[in-house]
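Notes for the one structure printed next.
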Amino acid sequence: MITDKKNLWENTPGICDEIPTITSYIPENKKSDAAIVIFPGGGYAIRAAHEGQGYAEFLAENGLCAFVVDYRVAPHKFPLPLLDARRGVRTVRYYAEKYGIDKNKIAVMGSSAGGNLAAITSTYYDKIDFEGADEIDKEDFIPNAQILCYPVIDLIGEYAHIGSTENLLGDRIDEMAEKLSPAIIAKKGTPQTFIWHTFADDCVNVNNTIKYIKKLKEIGTDTECHIFSKGGHGLGLAPGDDDVSKNVAQWGGLLLKWLKFIGF
């Protein structure tokens with residue numbers, strides 16, 4: 001596996017004290033011309049390594065190119081995390097030939113708040129501040145598939161993860177929460193979806209996933225969903241030796257089968 005980390009921009013747009021980056025994980029035995037762009041979870045406060053590097057290494061070990069976007073988190077607010085996510089997709093498309101990637105086989109992947117970011121990238125198409133910086137920004141940011149792991153979907157209402165909402169939107173919750181909630185804004189043409197959750201998740205309510213798949217069904221988006229009965233939040237690849245972890249860990253193999261099924 002070959003890894004390389006670089007800044008998303010030469011001169012990062014937006015007032016910030018942190019530089020967003022993208023790290024590539026390229027398998028030496030590449031089996032696919034698809035790419036997965038990963039947004040780690042962490043409530044828009046941190047970026048959890050096991051949901052970033054951990055996923056990327058798993059995918060690369062299975063012959064898939066993966067890219068981890070270290071997007072900006074609190075105190076940085078919307079639109080900066082989304083700007084960084086879109087830039088991540090655009091960067092992979094811009095350098096697709098270099099990596100032997102098909103521009104039409106780009107999936108976004110995220111867990112928890114990272115799943116929210118992946119879903120927003122897939123459903124919110126309005127122009128945002130600081131876009132159009134250079135040639136890379138001319139690439140399309142809308143992915144061809146979305147992979148969501150115990151995602152935050154609701155930014156407002158009884159199933160919302162309020163910490164993620166506050167970290168993302170700050171004092172703009174009333175203005176933007178509904179406009180950015182994927183179960184509300186998803187429309188026909190939303191990318192095909194793989195999504196999993198646990199019924200017992202006591203941090204991000206499983207109804208986030210249930211509401212989203214209902215919306216995806218309504219608009220005709222091909223979707224595969226797995227809900228496991230047991231297991232807490234933030235399991236990632238579920239590497240534990242206990243029975244619950246071993247059961248949840250099936251999702252990684254199911255994802256690989258799904259990617260092959262959709263031609264990735």
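In the structure tokens, chains take the letters A, B, ... in the order shown, each chain's residues start at 1, and ligands count up from 1 in the order shown.
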Pick out the residues sitting within 12 Å of Gly42 (chain A), and hand them over as a PyMOL selection string; count only C-alpha atoms, and ignore anything fewer than 6 positions along from it in its own chain.
chain A and resi 48-52+70-74+110-117+150-152+161+163-165+167-168+203-204+233-234+236
Could you give me, as a PyMOL selection string, each residue of region 72-221 of chain A that DSSP assigns to strand (DSSP E or B) when run on this structure's backbone?
chain A and resi 106-111+145-149+192-198
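Ranking A:Ala60, A:Asp33, A:Lys127, A:Met176 by their shortest atom-to-atom distance to Lys77 (chain A), with only C-alpha atoms included, puts A:Met176 first.
Take CA of Asn207 (chain A) and CA of Ala160 (chain A): the distance between them is 9.5 Å.
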Between A:Lys187, A:Lys246, A:His76, A:Lys138, smallest distance to Ile219 (chain A) by only C-alpha atoms belongs to A:Lys187
Could you give me, as number ranges by chain, each residue of region 89-172 of chain A that DSSP assigns to alpha helix (DSSP H) when run on this structure's backbone?
A: 89-94, 96-99, 113-123, 162-169
From A:Gly189, A:Gly253, A:Leu237, A:Gly232, residue lying nearest Asp202 (chain A) [only C-alpha atoms]
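Using only C-alpha atoms, the shortest distance to Asp202 (chain A) belongs to A:Gly232.
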Under the rule that only C-alpha atoms are counted, which of A:Leu83, A:Ile120, A:Leu64, A:Ala238 is the nearest residue to Lys105 (chain A)?
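Distance minimum relative to Lys105 (chain A) lands on A:Leu64.
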Would you kindly return, as a short mmCIF file (atom, residue, chain, number, x, y, z; two decimals) with C-alpha atoms, in the first residue's frame, each protein, DNA or RNA residue with an atom no farther than 8 Å from any atom of Asp140 (chain A), considering only C-alpha atoms and excluding same-chain residues fewer than 5 positions away?
```
data_model
loop_
_atom_site.label_atom_id
_atom_site.label_comp_id
_atom_site.auth_asym_id
_atom_site.auth_seq_id
_atom_site.Cartn_x
_atom_site.Cartn_y
_atom_site.Cartn_z
CA VAL A 89 -14.33 14.42 -4.22
CA ARG A 90 -13.19 16.97 -6.77
CA ARG A 93 -11.73 13.20 -9.88
#
```
Considering only C-alpha atoms, state which residue in the set A:Gly252, A:Thr21, A:Glu28, A:Asp129 is at the smallest distance from Pro239 (chain A).
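Closest to Pro239 (chain A), using only C-alpha atoms: A:Gly252.
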Tell me which protein, DNA and RNA residues are within 12 Å of Ala133 (chain A), counting only C-alpha atoms, leaving out same-chain ones fewer than 4 positions away, and put them as a PyMOL selection string.
chain A and resi 8-14+83+87+90+128-129+137-139
Would you output that residue set with C-alpha atoms, as a PDB file, in the first residue's frame?
```pdb
ATOM      1  CA  LEU A   8      -6.552  20.196  -0.237  1.00  0.00           C
ATOM      2  CA  TRP A   9      -5.584  23.694  -1.376  1.00  0.00           C
ATOM      3  CA  GLU A  10      -2.306  25.557  -1.763  1.00  0.00           C
ATOM      4  CA  ASN A  11      -3.972  28.484   0.012  1.00  0.00           C
ATOM      5  CA  THR A  12      -6.859  27.250   2.152  1.00  0.00           C
ATOM      6  CA  PRO A  13     -10.003  29.384   1.639  1.00  0.00           C
ATOM      7  CA  GLY A  14     -11.952  30.568   4.662  1.00  0.00           C
ATOM      8  CA  LEU A  83     -16.407  22.802   1.297  1.00  0.00           C
ATOM      9  CA  ARG A  87     -13.012  19.457  -2.521  1.00  0.00           C
ATOM     10  CA  ARG A  90     -13.185  16.970  -6.771  1.00  0.00           C
ATOM     11  CA  ILE A 128     -21.457  27.512  -1.099  1.00  0.00           C
ATOM     12  CA  ASP A 129     -18.877  30.131  -0.211  1.00  0.00           C
ATOM     13  CA  ASP A 137     -13.062  23.079  -8.454  1.00  0.00           C
ATOM     14  CA  LYS A 138     -14.386  22.633 -11.995  1.00  0.00           C
ATOM     15  CA  GLU A 139     -14.815  18.923 -11.277  1.00  0.00           C
TER      16      GLU A 139
END
```
